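Chemist: Just passing along the structure, written as structure tokens.
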Amino acid sequence: MANCLTLYFSGTGNTKYIANLFSKHMGAKTLSIESDADFANEIKSHDTIAFCYPIYGSRVPRIMREFATKYMDDIKGKKIVILVTQWLFSGDGARVFTDLFKDHPCDVIYAEHFNMPQNICNTPFLKPVSKRKMQKFKRAARFKMARVSKQIKRGIVKKHGFSKLSAWAGSIQGNPWQGLEQKVKNGVKIWDECTACNLCVKICPMKNLKNKEGKIHQLNNCTVCYRCVNRCPEKAITVLFHRRPKWQYKLR
């Protein structure tokens, strides 16, 4: 597809993988929404915008919602592709993105969900993904993306997650999450084992962490991406669930 731009947010690598797959097939330019880019100009200069993001409780991550809202006027009237990553089933995880554009019409030409490994590493009931299973997820994603890209090139419109059944399924997860999301904005816990290496400060997409007098503090702006939890060398930071991780997720 000519003149296509891929914009993505990826907490721990899954959505970045999907965004790059799409751009490779479609010849699209790819930008992380965390990058230092002139997004208004980039959006204006492309006809089709692909948005890629992970699903949190069947809802769009706050960081992506805030980004889309900021550039709403530039996105208006564009052709939109929505590609989301999920662990099992998110219902209407792709459709809910369009709720942001009720007063700014755009043309959704394709929407799809991609299953990828879960990255929540600090609960007793979720186990690390083996390398073999990781490769299985990636193979399935590559196969699906090949099909998706062919259909888009042929002008086939598909909007997965837009049915009434999907909306009902999404609401079961999404409605509770909306209340929880506000509570966990300030839900980061720094454990005593923290060495203040500042890695979490550097990688936090929300600039929610800072080093003050040799100790890491939060600024009550967590988007629950789990990047810091999975990258901390001492496993000394947690969000959402306050149980120190025994393993950490890394897309391999």
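Naming works like this for the structure tokens: A, B, ... for the chains as they're shown, residue 1 at the start of each chain, ligands 1 onward in shown order.
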Considering only C-alpha atoms, return as a compact mmCIF listing (two decimals) with C-alpha atoms, in the first residue's frame whatever protein or nucleic-acid residues lie within 12 Å of Val148 in chain A, sequence-local ones (same chain, fewer than 3 positions apart) excluded.
Modeler:
```txt
# COMPACT_ATOMS: atom_id res chain seq x y z
CA ILE A 18 3.41 -6.90 14.75
CA LEU A 21 5.58 -7.19 10.20
CA PHE A 22 2.78 -5.04 8.82
CA SER A 23 5.14 -2.33 7.58
CA HIS A 25 4.43 -6.34 3.95
CA MET A 26 2.87 -2.99 3.13
CA VAL A 81 -6.02 0.15 9.96
CA ILE A 82 -6.21 -1.14 13.54
CA LEU A 83 -3.93 -4.01 14.58
CA ILE A 109 -10.59 -0.26 6.32
CA TYR A 110 -9.31 -3.16 8.41
CA ALA A 111 -9.14 -4.30 12.04
CA GLU A 112 -7.50 -7.45 13.38
CA HIS A 113 -6.37 -9.07 16.64
CA PHE A 114 -3.09 -10.97 16.96
CA ALA A 141 1.46 -13.97 13.61
CA ARG A 142 3.53 -14.06 10.43
CA PHE A 143 1.01 -16.33 8.72
CA LYS A 144 -1.92 -14.13 9.73
CA MET A 145 -0.13 -10.93 8.72
CA GLN A 151 -6.59 -8.65 1.78
CA ILE A 152 -5.84 -4.99 2.43
CA LYS A 153 -3.97 -4.70 -0.88
CA ARG A 154 -6.99 -6.21 -2.64
CA GLY A 155 -9.32 -3.70 -1.01
CA ILE A 156 -11.05 -6.30 1.17
CA VAL A 157 -12.52 -4.65 4.26
CA LYS A 158 -12.67 -6.69 7.47
CA LYS A 159 -13.35 -5.38 10.96
CA HIS A 160 -12.80 -8.09 13.53
```
Chemist: Which polymer residues have any atom within 9 Å of an atom of range 123-138 of chain A, counting only C-alpha atoms, with same-chain residues fewer than 5 positions away left out, as an MDAnalysis selection string?
Modeler: chainID A and resid 17 115:118 143 241:245 247:249 251:252
Chemist: Considering only C-alpha atoms, can you say which of A:Glu181, A:Thr195, A:Val84, A:Gly11 comes closest to Lys215 in chain A?
Modeler: A:Thr195
Chemist: Show which residues sit within 9 Å of Ser58 in chain A, as an MDAnalysis selection string. Count only C-alpha atoms, and ignore same-chain residues fewer than 4 positions away.
Modeler: chainID A and resid 86 89:94 96 169:175 177
Chemist: Once you have the residues from the selection above, write them out as an mmCIF file, in the first residue's frame, restricted to N, CA and C atoms.
Modeler:
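selection.cif, freshly written:
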```
data_model
loop_
_atom_site.group_PDB
_atom_site.id
_atom_site.type_symbol
_atom_site.label_atom_id
_atom_site.label_comp_id
_atom_site.auth_asym_id
_atom_site.auth_seq_id
_atom_site.Cartn_x
_atom_site.Cartn_y
_atom_site.Cartn_z
ATOM 1 N N GLN A 86 -3.137 -9.289 21.696
ATOM 2 C CA GLN A 86 -3.873 -9.789 22.854
ATOM 3 C C GLN A 86 -3.280 -11.124 23.260
ATOM 4 N N PHE A 89 -8.253 -13.493 24.361
ATOM 5 C CA PHE A 89 -9.416 -12.974 23.647
ATOM 6 C C PHE A 89 -9.820 -11.652 24.274
ATOM 7 N N SER A 90 -9.922 -10.615 23.443
ATOM 8 C CA SER A 90 -10.230 -9.290 23.980
ATOM 9 C C SER A 90 -11.590 -8.766 23.545
ATOM 10 N N GLY A 91 -12.359 -9.574 22.837
ATOM 11 C CA GLY A 91 -13.671 -9.112 22.393
ATOM 12 C C GLY A 91 -13.550 -8.025 21.347
ATOM 13 N N ASP A 92 -13.841 -6.776 21.743
ATOM 14 C CA ASP A 92 -13.822 -5.656 20.803
ATOM 15 C C ASP A 92 -12.607 -4.761 21.017
ATOM 16 N N GLY A 93 -11.470 -5.366 21.298
ATOM 17 C CA GLY A 93 -10.254 -4.599 21.563
ATOM 18 C C GLY A 93 -9.857 -3.658 20.438
ATOM 19 N N ALA A 94 -10.127 -4.039 19.191
ATOM 20 C CA ALA A 94 -9.829 -3.160 18.059
ATOM 21 C C ALA A 94 -10.911 -2.096 17.880
ATOM 22 N N VAL A 96 -12.863 -0.609 20.055
ATOM 23 C CA VAL A 96 -12.955 0.459 21.050
ATOM 24 C C VAL A 96 -12.083 1.661 20.678
ATOM 25 N N ALA A 169 -18.553 -9.295 24.883
ATOM 26 C CA ALA A 169 -17.410 -9.986 25.478
ATOM 27 C C ALA A 169 -16.363 -8.989 25.977
ATOM 28 N N GLY A 170 -16.168 -7.929 25.211
ATOM 29 C CA GLY A 170 -15.197 -6.927 25.618
ATOM 30 C C GLY A 170 -15.614 -6.174 26.857
ATOM 31 N N SER A 171 -16.903 -5.941 27.011
ATOM 32 C CA SER A 171 -17.386 -5.189 28.168
ATOM 33 C C SER A 171 -17.174 -5.948 29.476
ATOM 34 N N ILE A 172 -17.169 -7.280 29.406
ATOM 35 C CA ILE A 172 -16.964 -8.084 30.608
ATOM 36 C C ILE A 172 -15.594 -7.792 31.226
ATOM 37 N N GLN A 173 -14.587 -7.617 30.366
ATOM 38 C CA GLN A 173 -13.251 -7.264 30.841
ATOM 39 C C GLN A 173 -13.057 -5.753 30.931
ATOM 40 N N GLY A 174 -13.611 -5.054 29.944
ATOM 41 C CA GLY A 174 -13.324 -3.627 29.813
ATOM 42 C C GLY A 174 -13.927 -2.752 30.882
ATOM 43 N N ASN A 175 -15.169 -3.024 31.274
ATOM 44 C CA ASN A 175 -15.813 -2.178 32.280
ATOM 45 C C ASN A 175 -15.089 -2.213 33.630
ATOM 46 N N TRP A 177 -11.952 -2.932 34.068
ATOM 47 C CA TRP A 177 -10.617 -2.382 33.863
ATOM 48 C C TRP A 177 -10.612 -0.856 33.908
#
```
Chemist: In range 24-92 of chain A, what's helix (DSSP H, G or I) per DSSP? Answer as a list of chain:residue names?
Modeler: A:Lys24, A:His25, A:Met26, A:Phe39, A:Ala40, A:Asn41, A:Glu42, A:Ile43, A:Lys44, A:Arg62, A:Ile63, A:Met64, A:Arg65, A:Glu66, A:Phe67, A:Ala68, A:Thr69, A:Lys70, A:Met72, A:Asp73, A:Asp74, A:Ile75
Chemist: Using DSSP on the backbone coordinates, identify the residues of range 44-251 of chain A assigned to strand (DSSP E or B); present them as a count of residues only.
Modeler: 40
Chemist: Hey, what's within 12 Å of His104 in chain A if we count only C-alpha atoms and toss same-chain stuff fewer than 4 positions away? As a ChimeraX atom specification, please?
Modeler: /A:68-69,71-78,98-100
Chemist: Can you write out the residues you just picked, keeping N, CA, C and O atoms, as an mmCIF file, in the first residue's frame?
Modeler:
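result_36.cif, written as the output of this step:
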```cif
data_model
loop_
_atom_site.group_PDB
_atom_site.id
_atom_site.type_symbol
_atom_site.label_atom_id
_atom_site.label_comp_id
_atom_site.auth_asym_id
_atom_site.auth_seq_id
_atom_site.Cartn_x
_atom_site.Cartn_y
_atom_site.Cartn_z
ATOM 1 N N ALA A 68 -3.698 9.532 20.396
ATOM 2 C CA ALA A 68 -4.705 9.692 19.344
ATOM 3 C C ALA A 68 -5.540 10.952 19.561
ATOM 4 O O ALA A 68 -5.872 11.665 18.605
ATOM 5 N N THR A 69 -5.861 11.236 20.804
ATOM 6 C CA THR A 69 -6.645 12.428 21.116
ATOM 7 C C THR A 69 -5.866 13.695 20.762
ATOM 8 O O THR A 69 -6.429 14.666 20.232
ATOM 9 N N TYR A 71 -3.716 14.122 18.412
ATOM 10 C CA TYR A 71 -3.607 14.329 16.964
ATOM 11 C C TYR A 71 -4.922 14.049 16.238
ATOM 12 O O TYR A 71 -4.933 13.745 15.043
ATOM 13 N N MET A 72 -6.021 14.181 16.955
ATOM 14 C CA MET A 72 -7.337 13.875 16.406
ATOM 15 C C MET A 72 -7.650 14.657 15.138
ATOM 16 O O MET A 72 -8.144 14.107 14.139
ATOM 17 N N ASP A 73 -7.371 15.938 15.135
ATOM 18 C CA ASP A 73 -7.689 16.760 13.966
ATOM 19 C C ASP A 73 -6.879 16.341 12.741
ATOM 20 O O ASP A 73 -7.353 16.431 11.609
ATOM 21 N N ASP A 74 -5.651 15.872 12.955
ATOM 22 C CA ASP A 74 -4.807 15.444 11.842
ATOM 23 C C ASP A 74 -5.252 14.088 11.293
ATOM 24 O O ASP A 74 -5.107 13.813 10.099
ATOM 25 N N ILE A 75 -5.794 13.254 12.180
ATOM 26 C CA ILE A 75 -6.226 11.908 11.785
ATOM 27 C C ILE A 75 -7.570 11.937 11.053
ATOM 28 O O ILE A 75 -7.868 11.057 10.241
ATOM 29 N N LYS A 76 -8.360 12.954 11.327
ATOM 30 C CA LYS A 76 -9.697 13.062 10.742
ATOM 31 C C LYS A 76 -9.671 12.889 9.232
ATOM 32 O O LYS A 76 -8.884 13.511 8.529
ATOM 33 N N GLY A 77 -10.524 11.995 8.726
ATOM 34 C CA GLY A 77 -10.664 11.772 7.292
ATOM 35 C C GLY A 77 -9.687 10.768 6.708
ATOM 36 O O GLY A 77 -9.783 10.432 5.527
ATOM 37 N N LYS A 78 -8.747 10.270 7.519
ATOM 38 C CA LYS A 78 -7.766 9.310 7.021
ATOM 39 C C LYS A 78 -8.368 7.898 6.947
ATOM 40 O O LYS A 78 -9.345 7.579 7.631
ATOM 41 N N THR A 98 -12.100 3.126 17.923
ATOM 42 C CA THR A 98 -12.930 4.035 17.124
ATOM 43 C C THR A 98 -13.839 4.892 17.989
ATOM 44 O O THR A 98 -14.373 5.893 17.509
ATOM 45 N N ASP A 99 -14.037 4.526 19.255
ATOM 46 C CA ASP A 99 -14.847 5.356 20.149
ATOM 47 C C ASP A 99 -14.227 6.740 20.328
ATOM 48 O O ASP A 99 -14.928 7.704 20.655
ATOM 49 N N LEU A 100 -12.916 6.821 20.128
ATOM 50 C CA LEU A 100 -12.225 8.101 20.266
ATOM 51 C C LEU A 100 -12.574 9.067 19.137
ATOM 52 O O LEU A 100 -12.386 10.274 19.262
#
```
Chemist: Give me the residues within 10 Å of Ile203 in chain A as a ChimeraX atom specification, counting only C-alpha atoms and dropping any in the same chain fewer than 6 places off.
Modeler: /A:11,209,227-228,231
Chemist: Between A:Trp191, A:Phe101, A:Phe9, A:Phe162, which has the minimum distance to Ile55 in chain A (counting only C-alpha atoms)?
Modeler: A:Phe9
Chemist: When you draw a straight line from CA of Gly57 in chain A to CA of Pro176 in chain A, how long is it in Å?
Modeler: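 The value is 8.1 Å.
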Chemist: Using only C-alpha atoms, can you tell me which of A:Asn3, A:Asn20, A:Thr30, A:Thr85 comes closest to Val60 in chain A?
Modeler: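 When distances to Val60 in chain A are compared using only C-alpha atoms, the smallest one comes from A:Thr85.
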Chemist: Please measure the separation of CA of Val184 in chain A and CA of Ser35 in chain A, giving the value in Å to one decimal.
Modeler: 24.8 Å
Chemist: Could you please determine the separation between CA of Cys197 in chain A and CA of Met64 in chain A in Å, to one decimal place?
Modeler: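 One can read the CA of Cys197 in chain A to CA of Met64 in chain A distance as 27.6 Å.
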Chemist: So which one's closest to Val239 in chain A, A:Pro205, A:Pro54, A:Gly187, A:Glu213? Using only C-alpha atoms, please.
Modeler: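 The answer is A:Gly187, which sits nearest to Val239 in chain A.
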Chemist: Give me, as a PyMOL selection string, all polymer residues having an atom no more than 12 Å from Leu240 in chain A, counting only C-alpha atoms and skipping those fewer than 2 positions away in the same chain.
Modeler: chain A and resi 56+120-123+177+180-189+222-226+229+237-238+242-244
